[in-house]
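Trainee: Structure file my_file-v2.cif (mmCIF, C-alpha atoms) right here:
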data_start
loop_
_atom_site.label_atom_id
_atom_site.label_comp_id
_atom_site.auth_asym_id
_atom_site.auth_seq_id
_atom_site.Cartn_x
_atom_site.Cartn_y
_atom_site.Cartn_z
CA MET O 1248 13.33 -94.78 6.58
CA ALA O 1249 9.77 -95.10 7.78
CA ALA O 1250 8.42 -92.48 10.09
CA PRO O 1251 7.78 -93.60 13.66
CA ASP O 1252 4.16 -94.42 14.43
CA ALA O 1253 3.63 -91.39 16.61
CA THR O 1254 4.14 -88.89 13.77
CA LEU O 1255 1.55 -90.54 11.59
CA ALA O 1256 -1.23 -89.52 13.90
CA ALA O 1257 -3.27 -86.42 13.06
CA TYR O 1258 -2.41 -84.98 16.44
CA ASP O 1259 1.32 -84.56 16.90
CA SER O 1260 2.29 -84.34 20.53
CA LYS O 1261 5.82 -83.30 19.61
CA ILE O 1262 4.71 -80.08 17.99
CA GLU O 1263 2.38 -79.07 20.80
CA GLY O 1264 5.10 -77.54 22.95
CA ASN O 1265 6.29 -75.33 20.11
CA VAL O 1266 3.02 -73.55 19.48
CA VAL O 1267 2.60 -70.19 21.18
CA PHE O 1268 -0.59 -68.17 21.17
CA THR O 1269 -0.02 -64.42 21.28
CA LYS O 1270 -1.04 -61.15 19.76
CA LEU O 1271 0.59 -60.29 16.46
CA ASP O 1272 1.81 -56.96 17.88
CA ALA O 1273 3.50 -58.73 20.75
CA ALA O 1274 5.14 -61.23 18.41
CA ILE O 1275 6.42 -58.53 16.06
CA ASN O 1276 7.68 -56.41 18.96
CA TRP O 1277 9.37 -59.42 20.53
CA MET O 1278 11.21 -60.19 17.31
CA ARG O 1279 12.19 -56.60 16.75
CA LYS O 1280 13.46 -55.88 20.21
CA ASN O 1281 15.63 -58.95 20.34
CA SER O 1282 17.40 -58.30 17.09
CA LEU O 1283 18.11 -54.58 17.14
CA TRP O 1284 20.81 -54.02 14.58
CA PRO O 1285 22.66 -50.82 15.42
CA MET O 1286 24.06 -48.33 12.96
CA PRO O 1287 27.17 -47.19 14.85
CA MET O 1288 27.52 -43.45 14.30
CA GLY O 1289 30.81 -43.17 16.16
CA LEU O 1290 31.98 -39.56 16.11
CA ALA O 1291 34.17 -39.18 19.19
CA CYS O 1292 35.29 -40.86 22.41
CA CYS O 1293 31.79 -42.30 23.02
CA ALA O 1294 32.48 -44.57 20.07
CA ILE O 1295 35.31 -46.19 22.02
CA GLU O 1296 32.90 -47.06 24.83
CA MET O 1297 30.43 -48.32 22.24
CA MET O 1298 33.12 -50.62 20.84
CA ALA O 1299 33.91 -51.80 24.37
CA ALA O 1300 30.22 -52.54 24.88
CA ALA O 1301 30.23 -54.65 21.73
CA CYS O 1302 33.33 -56.62 22.73
CA SER O 1303 33.48 -59.75 24.82
CA ARG O 1304 33.59 -58.22 28.30
CA TYR O 1305 30.26 -56.39 28.03
CA ASP O 1306 29.00 -58.40 25.05
CA LEU O 1307 26.04 -56.66 23.42
CA SER O 1308 25.27 -59.89 21.60
CA ARG O 1309 23.60 -61.20 24.76
CA PHE O 1310 20.70 -58.93 23.78
CA GLY O 1311 20.80 -59.46 20.02
CA MET O 1312 22.40 -56.08 19.36
CA GLU O 1313 25.88 -57.02 18.30
CA VAL O 1314 25.26 -56.87 14.57
CA MET O 1315 26.78 -53.46 13.90
CA ARG O 1316 25.70 -52.61 10.39
CA PHE O 1317 27.72 -50.08 8.47
CA SER O 1318 25.04 -49.91 5.83
CA PRO O 1319 22.08 -47.82 6.99
CA ARG O 1320 19.78 -49.98 4.85
CA GLN O 1321 20.30 -52.92 7.19
CA ALA O 1322 20.13 -51.05 10.49
CA ASP O 1323 17.30 -50.57 13.00
CA VAL O 1324 18.76 -48.23 15.58
CA MET O 1325 21.25 -45.44 15.10
CA ILE O 1326 23.59 -44.95 18.05
CA VAL O 1327 24.84 -41.38 17.76
CA ALA O 1328 28.01 -41.66 19.83
CA GLY O 1329 29.97 -38.45 20.05
CA THR O 1330 30.17 -34.79 19.16
CA VAL O 1331 28.02 -33.88 16.19
CA THR O 1332 29.60 -30.96 14.35
CA TYR O 1333 27.46 -29.06 11.90
CA LYS O 1334 29.53 -30.44 9.06
CA MET O 1335 29.01 -34.03 10.23
CA ALA O 1336 25.34 -33.34 10.98
CA LEU O 1337 24.67 -33.27 7.23
CA ALA O 1338 26.05 -36.81 6.91
CA VAL O 1339 24.23 -38.06 10.04
CA LYS O 1340 20.91 -36.79 8.68
CA ARG O 1341 21.58 -38.32 5.30
CA ILE O 1342 22.36 -41.73 6.80
CA TRP O 1343 19.31 -41.52 9.09
CA ASP O 1344 17.11 -40.82 6.06
CA GLN O 1345 18.43 -43.97 4.39
CA MET O 1346 17.49 -46.25 7.29
CA PRO O 1347 14.25 -48.17 6.67
CA GLU O 1348 11.27 -47.81 9.01
CA PRO O 1349 10.80 -48.71 11.77
CA LYS O 1350 13.92 -47.05 13.13
CA TRP O 1351 15.06 -45.72 16.45
CA CYS O 1352 17.76 -43.36 17.60
CA ILE O 1353 19.89 -43.32 20.72
CA ALA O 1354 21.80 -40.16 21.67
CA MET O 1355 24.81 -41.53 23.50
CA GLY O 1356 26.64 -39.15 25.82
CA ALA O 1357 26.50 -35.47 26.66
CA CYS O 1358 27.62 -34.19 23.24
CA ALA O 1359 25.06 -36.09 21.20
CA SER O 1360 22.32 -35.21 23.70
CA SER O 1361 23.00 -31.51 24.18
CA GLY O 1362 26.31 -30.43 22.65
CA GLY O 1363 28.02 -31.25 25.92
CA MET O 1364 31.01 -29.10 26.74
CA TYR O 1365 31.20 -27.84 23.15
CA ARG O 1366 29.32 -24.56 23.46
CA SER O 1367 30.59 -23.46 20.10
CA TYR O 1368 29.54 -22.26 16.67
CA ALA O 1369 30.87 -25.49 15.18
CA VAL O 1370 28.83 -28.03 17.14
CA LEU O 1371 25.18 -29.00 16.81
CA GLN O 1372 23.66 -28.57 20.29
CA GLY O 1373 22.04 -31.99 20.48
CA ILE O 1374 21.22 -34.42 17.70
CA ASP O 1375 17.52 -34.08 18.60
CA GLN O 1376 17.52 -30.78 16.71
CA LEU O 1377 17.86 -32.84 13.57
CA ILE O 1378 16.42 -36.32 14.08
CA PRO O 1379 13.96 -37.74 16.67
CA VAL O 1380 15.70 -39.36 19.62
CA ASP O 1381 14.18 -42.26 21.58
CA VAL O 1382 16.71 -42.68 24.37
CA TYR O 1383 19.27 -40.27 25.79
CA ILE O 1384 22.25 -41.69 27.67
CA SER O 1385 24.04 -39.39 30.09
CA GLY O 1386 27.78 -39.53 30.71
CA CYS O 1387 30.95 -38.16 29.23
CA PRO O 1388 31.48 -40.72 27.88
CA PRO O 1389 28.90 -43.17 29.31
CA ARG O 1390 30.26 -46.49 30.49
CA PRO O 1391 29.34 -49.59 28.46
CA GLU O 1392 26.84 -50.52 31.20
CA ALA O 1393 25.04 -47.25 30.53
CA LEU O 1394 24.83 -48.02 26.84
CA LEU O 1395 23.44 -51.46 27.67
CA GLU O 1396 20.89 -49.83 29.95
CA GLY O 1397 19.95 -47.42 27.18
CA LEU O 1398 19.47 -50.21 24.69
CA MET O 1399 17.38 -52.19 27.19
CA ARG O 1400 15.21 -49.12 27.77
CA LEU O 1401 14.75 -48.95 24.04
CA GLN O 1402 13.69 -52.61 24.11
CA ARG O 1403 11.10 -51.76 26.75
CA LYS O 1404 9.89 -48.88 24.61
CA ILE O 1405 9.54 -51.16 21.60
CA GLU O 1406 7.49 -53.63 23.68
CA GLY O 1407 4.86 -50.97 24.15
CA GLU O 1408 4.49 -50.04 20.49
CA HIS O 1409 1.41 -50.89 18.44
CA ALA O 1410 3.58 -52.37 15.74
CA LEU O 1411 0.86 -53.53 13.36
CA ALA O 1412 -1.78 -50.87 13.80
CA ASP O 1413 0.64 -47.96 13.62
CA GLN O 1414 3.18 -49.10 11.09
CA LYS O 1415 1.24 -51.40 8.78
CA LYS O 1416 -2.02 -49.45 8.48
CA GLU O 1417 -2.58 -50.31 4.82
CA LEU O 1418 -1.98 -54.01 5.39
CA VAL O 1419 -4.49 -54.08 8.26
CA GLU O 1420 -7.10 -52.28 6.17
CA ASP O 1421 -6.54 -54.74 3.34
CA LEU O 1422 -7.00 -57.68 5.69
CA ILE O 1423 -10.21 -56.26 7.15
CA SER O 1424 -11.86 -55.40 3.84
CA MET R 1217 73.93 -23.29 8.64
CA THR R 1218 71.95 -22.06 11.58
CA ALA R 1219 68.52 -20.52 11.32
CA ALA R 1220 70.05 -17.12 12.08
CA ASP R 1221 72.41 -17.45 9.09
CA LEU R 1222 69.56 -18.51 6.85
CA ALA R 1223 67.41 -15.60 7.95
CA GLN R 1224 70.34 -13.20 7.38
CA SER R 1225 71.01 -14.60 3.93
CA LEU R 1226 67.33 -14.25 2.98
CA ALA R 1227 67.30 -10.66 4.22
CA LYS R 1228 70.41 -9.97 2.10
CA ALA R 1229 68.92 -11.58 -1.00
CA PHE R 1230 65.75 -9.45 -0.74
CA PRO R 1231 66.84 -6.25 1.03
CA GLU R 1232 63.81 -4.31 -0.21
CA ALA R 1233 61.16 -6.96 0.23
CA THR R 1234 62.02 -8.41 3.62
CA LYS R 1235 62.40 -6.99 7.10
CA LEU R 1236 64.24 -9.03 9.73
CA GLN R 1237 62.23 -9.19 12.96
CA PRO R 1238 63.79 -9.45 16.43
CA GLU R 1239 64.77 -12.98 17.38
CA PHE R 1240 62.50 -14.51 20.00
CA ARG R 1241 63.58 -17.62 21.94
CA GLY R 1242 65.65 -18.89 19.03
CA GLU R 1243 62.86 -18.34 16.51
CA HIS R 1244 63.64 -16.25 13.44
CA THR R 1245 60.99 -14.24 11.66
CA LEU R 1246 60.99 -12.09 8.56
CA GLU R 1247 58.27 -9.78 7.44
CA VAL R 1248 57.79 -10.02 3.68
CA ARG R 1249 56.26 -7.54 1.28
CA LEU R 1250 53.10 -8.96 -0.30
CA SER R 1251 54.13 -8.21 -3.89
CA ASP R 1252 57.37 -10.21 -3.54
CA LEU R 1253 55.97 -13.06 -1.49
CA LEU R 1254 56.09 -15.77 -4.16
CA ALA R 1255 59.66 -14.91 -5.18
CA VAL R 1256 60.77 -15.03 -1.54
CA LEU R 1257 59.04 -18.35 -0.93
CA GLN R 1258 60.55 -19.82 -4.08
CA HIS R 1259 63.99 -18.63 -2.98
CA CYS R 1260 63.49 -20.19 0.46
CA ARG R 1261 62.69 -23.55 -1.05
CA ASP R 1262 65.23 -23.65 -3.90
CA ALA R 1263 68.22 -21.72 -2.56
CA LEU R 1264 67.87 -22.06 1.22
CA GLY R 1265 66.68 -25.67 1.35
CA PHE R 1266 63.36 -25.10 3.16
CA ASP R 1267 61.67 -28.02 1.46
CA SER R 1268 58.79 -28.33 3.90
CA LEU R 1269 55.95 -25.96 4.66
CA VAL R 1270 55.07 -27.00 8.21
CA ASP R 1271 52.10 -24.71 8.66
CA LEU R 1272 50.32 -21.77 7.22
CA SER R 1273 48.26 -19.73 9.61
CA THR R 1274 46.53 -16.39 9.83
CA VAL R 1275 46.19 -13.76 12.54
CA ASP R 1276 43.37 -11.25 12.79
CA HIS R 1277 44.47 -7.94 14.36
CA GLU R 1278 40.96 -6.47 13.99
CA THR R 1279 41.75 -2.75 14.34
CA ARG R 1280 45.26 -2.70 12.88
CA LEU R 1281 45.71 -1.80 9.21
CA PRO R 1282 46.37 -3.92 7.23
CA ARG R 1283 44.18 -6.25 9.21
CA PHE R 1284 45.59 -9.76 8.72
CA ASP R 1285 48.90 -11.58 9.05
CA VAL R 1286 49.52 -14.67 6.96
CA VAL R 1287 52.28 -16.70 8.59
CA TYR R 1288 54.41 -19.35 6.86
CA GLU R 1289 56.32 -21.82 9.03
CA LEU R 1290 59.17 -23.35 7.02
CA TYR R 1291 61.43 -26.29 7.80
CA GLY R 1292 64.36 -27.84 5.98
CA MET R 1293 64.70 -31.63 6.08
CA GLU R 1294 68.44 -31.37 5.32
CA HIS R 1295 69.56 -28.66 7.73
CA HIS R 1296 66.79 -29.10 10.34
CA GLN R 1297 66.21 -25.36 10.71
CA HIS R 1298 62.96 -23.47 11.12
CA LEU R 1299 62.08 -20.10 9.64
CA ARG R 1300 58.94 -18.02 9.94
CA LEU R 1301 57.75 -15.61 7.27
CA ARG R 1302 54.96 -13.14 7.85
CA VAL R 1303 53.08 -11.10 5.30
CA LEU R 1304 50.62 -8.32 6.08
CA LEU R 1305 47.33 -8.45 4.26
CA ALA R 1306 44.47 -5.98 4.11
CA ASP R 1307 40.87 -7.11 4.24
CA GLU R 1308 40.24 -6.72 0.51
CA GLU R 1309 43.63 -8.01 -0.67
CA GLU R 1310 44.36 -11.49 -1.99
CA CYS R 1311 47.42 -13.47 -0.97
CA PRO R 1312 49.19 -15.38 -3.78
CA SER R 1313 48.80 -19.13 -3.39
CA ALA R 1314 51.89 -21.16 -2.49
CA CYS R 1315 50.45 -24.40 -3.89
CA GLU R 1316 52.91 -24.41 -6.79
CA ILE R 1317 55.85 -24.26 -4.39
CA TRP R 1318 54.63 -26.60 -1.64
CA PRO R 1319 51.63 -28.75 -2.61
CA THR R 1320 50.73 -29.03 1.07
CA ALA R 1321 49.76 -25.36 1.01
CA ASN R 1322 46.56 -26.40 -0.74
CA TRP R 1323 44.69 -27.55 2.37
CA HIS R 1324 46.36 -25.02 4.66
CA GLU R 1325 45.15 -22.22 2.43
CA ARG R 1326 41.68 -23.73 2.26
CA GLU R 1327 41.60 -23.75 6.05
CA ALA R 1328 42.79 -20.14 6.23
CA TYR R 1329 40.07 -19.19 3.77
CA ASP R 1330 37.44 -21.22 5.63
CA MET R 1331 38.12 -19.89 9.11
CA MET R 1332 39.47 -16.38 8.47
CA GLY R 1333 38.17 -15.46 5.03
CA VAL R 1334 41.61 -14.77 3.60
CA ARG R 1335 41.45 -15.32 -0.15
CA PHE R 1336 44.32 -16.87 -2.09
CA ALA R 1337 44.90 -15.92 -5.71
CA ASN R 1338 45.44 -18.80 -8.18
CA HIS R 1339 44.47 -21.46 -5.65
CA PRO R 1340 43.31 -24.56 -7.59
CA ASP R 1341 40.36 -25.37 -5.34
CA LEU R 1342 39.50 -22.66 -2.84
CA ARG R 1343 36.50 -24.25 -1.07
CA ARG R 1344 35.59 -24.54 2.58
CA ILE R 1345 37.31 -27.46 4.26
CA LEU R 1346 36.13 -27.66 7.90
CA LEU R 1347 32.75 -25.95 7.79
CA TRP R 1348 29.89 -26.88 5.54
CA GLU R 1349 29.60 -25.55 2.03
CA GLY R 1350 27.40 -22.47 2.04
CA PHE R 1351 28.22 -21.31 5.58
CA PRO R 1352 28.17 -17.51 5.34
CA HIS R 1353 30.64 -16.46 8.08
CA PHE R 1354 34.34 -16.70 8.87
CA PRO R 1355 34.37 -17.82 12.50
CA LEU R 1356 37.95 -17.06 13.50
CA ARG R 1357 37.55 -13.36 12.80
CA LYS R 1358 37.44 -11.37 16.00
CA GLU R 1359 33.97 -9.97 15.44
CA TYR R 1360 32.44 -13.44 15.20
CA PRO R 1361 30.95 -14.51 18.57
CA LEU R 1362 32.06 -17.82 20.07
CA ALA R 1363 28.47 -19.02 20.35
CA GLY R 1364 27.94 -18.52 16.63
CA LEU R 1365 25.29 -16.67 14.68
CA PRO R 1366 22.01 -18.12 13.46
CA THR R 1367 22.19 -19.16 9.84
CA GLU R 1368 19.71 -20.97 7.67
CA LEU R 1369 20.24 -22.51 4.27
CA PRO R 1370 16.84 -24.04 3.53
CA GLU R 1371 16.88 -27.77 2.72
CA VAL R 1372 20.65 -27.91 3.31
CA ALA R 1373 21.79 -26.89 6.74
CA PHE R 1374 21.29 -24.53 9.65
CA THR R 1375 23.34 -23.20 12.53
CA ARG R 1376 21.98 -21.95 15.85
CA PRO R 1377 23.90 -20.00 18.47
CA ALA R 1378 25.11 -22.28 21.25
CA PRO R 1379 23.75 -21.53 24.73
CA MET R 1380 26.62 -19.95 26.64
CA ALA R 1381 25.10 -20.23 30.12
CA ASP R 1382 27.68 -18.30 32.16
CA GLY R 1383 30.05 -17.61 29.32
CA PRO R 1384 32.74 -19.85 27.81
CA PHE R 1385 34.55 -22.26 30.09
CA VAL R 1386 38.20 -21.25 29.77
CA THR R 1387 41.55 -21.33 31.52
CA SER R 1388 43.41 -18.15 32.32
CA ALA R 1389 47.05 -18.52 31.32
CA GLY R 1390 49.37 -16.44 33.46
CA GLY R 1391 47.27 -16.51 36.60
CA LYS R 1392 49.26 -16.13 39.81
CA ASP R 1393 48.51 -19.62 41.13
CA ALA R 1394 46.81 -22.85 40.10
CA ILE R 1395 43.49 -21.68 41.52
CA ALA R 1396 43.50 -18.59 39.34
CA ARG R 1397 44.56 -20.57 36.27
CA GLU R 1398 41.89 -23.25 36.67
CA PRO R 1399 39.23 -23.44 33.96
CA ARG R 1400 36.20 -21.38 34.90
CA ALA R 1401 33.18 -19.89 33.22
CA ARG R 1402 34.02 -16.36 32.18
CA PRO R 1403 31.61 -13.91 30.61
CA GLN R 1404 32.33 -12.99 27.00
CA ARG R 1405 33.68 -9.52 26.38
CA ALA R 1406 31.07 -6.92 25.56
CA GLU R 1407 30.58 -6.41 21.83
#
Could you write out this structure as structure tokens?
Mentor:
Amino acid sequence: MAAPDATLAAYDSKIEGNVVFTKLDAAINWMRKNSLWPMPMGLACCAIEMMAAACSRYDLSRFGMEVMRFSPRQADVMIVAGTVTYKMALAVKRIWDQMPEPKWCIAMGACASSGGMYRSYAVLQGIDQLIPVDVYISGCPPRPEALLEGLMRLQRKIEGEHALADQKKELVEDLIS
Amino acid sequence: MTAADLAQSLAKAFPEATKLQPEFRGEHTLEVRLSDLLAVLQHCRDALGFDSLVDLSTVDHETRLPRFDVVYELYGMEHHQHLRLRVLLADEEECPSACEIWPTANWHEREAYDMMGVRFANHPDLRRILLWEGFPHFPLRKEYPLAGLPTELPEVAFTRPAPMADGPFVTSAGGKDAIAREPRARPQRAE
């Protein structure tokens, strides 16, 4: 089938609307923030709220975050949902170390943020003692709306990152030289 | 056979090694001499039909000598009766493992070792089960503070004492009314 006359021209008016000029940082951040794949670290009752947030009523997929990855190698953001005991902390740290950069962490609920009501020898008093946390969500457990809010705050945080300059230093230097 | 009959028959079979304790709310308890423990347990399973070890627990009496109780909760699937056996154990003594008699004793004994530091002789795999490998304390012993003690195992794990704020948040059983029994922050006892 022959192409219509219009596409033969050097200037294609149909493509014009699909070209966007932007900064590379902004483009990378935009792609990252809209496809945050969570690593669900469900350790207690917060995990139930996290599951509710992923299901149809609250529907995390509206924000590109529904792809719960149970392999840390495919995940971008770890949602630590629940009480982190010292025994489990070893596993949490190990999984966090296996996640590729760039990665983010959300401490969901009182226990993950501060140990919560578990003032005990057995419980790590906040996951931030072990791994860097980007967003803390209060609540015991937080409602799904709170988790959504936390994830959207994380999106806002990602918007402000200097994705290329900070994370791809060697690539930028290569391009310049 | 009722639990009382079973307890009586066990006391008759081992008159030297067992001591019948007072019945409490239909629960029957025998105190067993440590050296005869395995023979008594074997007899309970084979002759008295206690084919299930429901639980194995430990009690720390701190100042009493010998210091620990090891408590066996037995149940028979055929006669539906419970029986409790208790053995006294000093700090440096080892309790014989009941794994050969009831395989379920394996994890119960690991837990008793993990939390109370009671050692079991001839246990096939006496490792920690709830706390991380290398943890240096036994947290259910009375001298161990609720908040925990700082520990550090470089490159592996660490533990920090939990902030107690105004003491642990606990209920007081036996308070005169609901207000007194309500959970409240109570200061820890002085060490």
Trainee: So, with all atoms listed in the file as the atoms that count, which of O:His1409, O:Arg1309, O:Arg1400, O:Arg1390 lies closest to O:Cys1293?
Mentor: O:Arg1390
Trainee: Run the PyMOL selection byres ((chain O) within 10 of (chain R)) against the file shown and list the residues it catches, as a JSON list (two decimals) with C-alpha atoms, keeping the file's coordinate frame.
Mentor:
[["chain", "number", "residue", "atom", "x", "y", "z"],
["O", 1332, "THR", "CA", 29.60, -30.96, 14.35],
["O", 1333, "TYR", "CA", 27.46, -29.06, 11.90],
["O", 1334, "LYS", "CA", 29.53, -30.44, 9.06],
["O", 1335, "MET", "CA", 29.01, -34.03, 10.23],
["O", 1336, "ALA", "CA", 25.34, -33.34, 10.98],
["O", 1337, "LEU", "CA", 24.67, -33.27, 7.23],
["O", 1361, "SER", "CA", 23.00, -31.51, 24.18],
["O", 1362, "GLY", "CA", 26.31, -30.43, 22.65],
["O", 1364, "MET", "CA", 31.01, -29.10, 26.74],
["O", 1365, "TYR", "CA", 31.20, -27.84, 23.15],
["O", 1366, "ARG", "CA", 29.32, -24.56, 23.46],
["O", 1367, "SER", "CA", 30.59, -23.46, 20.10],
["O", 1368, "TYR", "CA", 29.54, -22.26, 16.67],
["O", 1369, "ALA", "CA", 30.87, -25.49, 15.18],
["O", 1370, "VAL", "CA", 28.83, -28.03, 17.14],
["O", 1371, "LEU", "CA", 25.18, -29.00, 16.81],
["O", 1372, "GLN", "CA", 23.66, -28.57, 20.29],
["O", 1376, "GLN", "CA", 17.52, -30.78, 16.71],
["O", 1377, "LEU", "CA", 17.86, -32.84, 13.57]]
Trainee: Given the PyMOL selection byres ((chain R and resi 1400) around 6) and the file above, list the residues it selects as a list in words.
Mentor: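 What the PyMOL selection byres ((chain R and resi 1400) around 6) grabs from the file is Phe1385, Val1386, Pro1399 and Ala1401 of chain R.
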Trainee: The PyMOL selection byres ((chain R and resi 1239) around 12) - which residues does that actually catch in the file I just gave you? List them as a ChimeraX atom specification.
Mentor: /R:1219-1220,1223-1224,1236-1238,1240-1246,1299-1300
Trainee: Pick the closest to R:Ala1233 from R:Gln1258, R:Asn1338, R:Thr1387, R:Ser1251: which is it, counting all atoms listed in the file?
Mentor: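 Result for the nearest residue to R:Ala1233: R:Ser1251.
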